[in-house]
Amino acid sequence: MLAKHKHGTNDDGSWALEFTTFRALRFQATPPGSDIVFDSEANIVFGEWNHIAFTYNEESDHYDFYINGDPAGSGTANLQNAIQNTSRPFRIGCMENNPVNFTFDGHIDEVQVWKEYRTEADIEADMACSR
């Protein structure tokens, strides 16, 4: 869905926010020599408008998924070396080297990428402005 990631590459600091086959959100990061994957605990409903968000706080190493403003999973992990300003292109709707198998089948509207951590209140405020 959103990516600075090349499918099959596991060592360049790239990342992707995508869906699993079970409709959960997945965040994947690829620091050197590793592959980090987190899935949301809740699923989206296909065929309906959804507001989705993934946030990460570098100070506490805490991450959160949100679906339609509601918490959809969280945890802690050190992603500081995993999410880097890779030279990979920023893509919306597909990954760099495999646009056929990893193309989002739907509509994407109002993409925002923030450098700072977004709280639940920030996510709810953004969602209220999006409708």
# chains A, B, ... in the order shown; residues from 1 in each chain; ligands from 1

$ closest_atom_pairs --of "range 17-103 of chain A" --to "range 110-125 of chain A" --cutoff "10 Å" --atoms "only C-alpha atoms" --output "Markdown table"
| residue | atom | partner | partner_atom | distance |
| --- | --- | --- | --- | --- |
| A:His51 | CA | A:Ile123 | CA | 9.2 |
| A:Ile52 | CA | A:Ile123 | CA | 9.0 |
| A:Ala53 | CA | A:Ile123 | CA | 7.3 |
| A:Phe54 | CA | A:Arg118 | CA | 8.8 |
| A:Thr55 | CA | A:Arg118 | CA | 6.0 |
| A:Tyr56 | CA | A:Tyr117 | CA | 5.9 |
| A:Asn57 | CA | A:Tyr117 | CA | 5.3 |
| A:Glu58 | CA | A:Tyr117 | CA | 7.9 |
| A:Glu59 | CA | A:Tyr117 | CA | 9.5 |
| A:His62 | CA | A:Tyr117 | CA | 9.8 |
| A:Tyr63 | CA | A:Tyr117 | CA | 9.3 |
| A:Asp64 | CA | A:Glu120 | CA | 8.8 |
| A:Phe65 | CA | A:Glu120 | CA | 9.7 |
| A:Tyr66 | CA | A:Ile123 | CA | 7.9 |
| A:Ile67 | CA | A:Ile123 | CA | 9.7 |
| A:Asn68 | CA | A:Glu124 | CA | 8.2 |
| A:Gly69 | CA | A:Glu124 | CA | 5.2 |
| A:Asp70 | CA | A:Glu120 | CA | 8.2 |
| A:Pro71 | CA | A:Glu120 | CA | 7.8 |
| A:Ile92 | CA | A:Val111 | CA | 8.4 |

$ write_last_selection --atoms "C-alpha atoms" --output "mmCIF file, in the first residue's frame"
data_model
loop_
_atom_site.group_PDB
_atom_site.id
_atom_site.type_symbol
_atom_site.label_atom_id
_atom_site.label_comp_id
_atom_site.auth_asym_id
_atom_site.auth_seq_id
_atom_site.Cartn_x
_atom_site.Cartn_y
_atom_site.Cartn_z
ATOM 1 C CA HIS A 51 -8.749 5.200 7.770
ATOM 2 C CA ILE A 52 -5.536 3.374 8.667
ATOM 3 C CA ALA A 53 -2.445 4.486 10.550
ATOM 4 C CA PHE A 54 0.832 3.118 11.885
ATOM 5 C CA THR A 55 2.820 5.175 14.392
ATOM 6 C CA TYR A 56 6.231 4.665 15.959
ATOM 7 C CA ASN A 57 7.764 6.544 18.892
ATOM 8 C CA GLU A 58 11.587 6.473 18.725
ATOM 9 C CA GLU A 59 11.963 7.544 22.372
ATOM 10 C CA HIS A 62 6.448 1.878 21.005
ATOM 11 C CA TYR A 63 4.378 1.289 17.849
ATOM 12 C CA ASP A 64 0.610 1.393 17.259
ATOM 13 C CA PHE A 65 -1.789 0.387 14.511
ATOM 14 C CA TYR A 66 -5.108 2.227 14.118
ATOM 15 C CA ILE A 67 -8.078 1.276 11.970
ATOM 16 C CA ASN A 68 -10.815 3.893 11.669
ATOM 17 C CA GLY A 69 -9.394 5.742 14.682
ATOM 18 C CA ASP A 70 -9.545 2.691 16.963
ATOM 19 C CA PRO A 71 -6.412 1.022 18.367
ATOM 20 C CA ILE A 92 1.750 4.336 -3.157
#

$ residues_around --residues "Ser40 in chain A" --least-positions-apart "6" --cutoff "6 Å" --atoms "only C-alpha atoms" --output "PDB file with C-alpha atoms, in the first residue's frame"
ATOM      1  CA  ALA A  24      -4.757  -7.252   8.841  1.00  0.00           C
ATOM      2  CA  LEU A  25      -2.354  -4.342   8.481  1.00  0.00           C
ATOM      3  CA  ALA A  72      -5.750  -2.140  16.362  1.00  0.00           C
ATOM      4  CA  GLY A  73      -2.588  -3.483  17.974  1.00  0.00           C
TER       5      GLY A  73
END

$ residues_around --residues "Ser60 in chain A" --least-positions-apart "4" --cutoff "10 Å" --atoms "only C-alpha atoms" --output "list in words"
Tyr56, Thr76, Ala77 and Asn78 of chain A

$ select_by_dssp --residues "chain A" --states "strand (DSSP E or B)" --output "PyMOL selection string"
chain A and resi 2-4+14-19+24-30+36-43+52-57+62-67+70-76+91-92

$ select_by_dssp --residues "chain A" --states "alpha helix (DSSP H)" --output "count of residues only"
11

$ closest_residue --among "A:Ile36, A:Ile108, A:Cys129, A:Val45" --to "Met1 in chain A" --atoms "only C-alpha atoms"
A:Ile108

$ atom_distance --atom1 "CA of Ala29 in chain A" --atom2 "CA of Ala42 in chain A"
20.1 Å

$ atom_distance --atom1 "CA of Thr103 in chain A" --atom2 "CA of Ser74 in chain A"
26.0 Å

$ closest_residue --among "A:Pro32, A:Leu2, A:Asp126, A:Thr20" --to "Gln80 in chain A" --atoms "only C-alpha atoms"
A:Pro32

$ atom_distance --atom1 "CA of Gln28 in chain A" --atom2 "CA of Phe104 in chain A"
16.1 Å
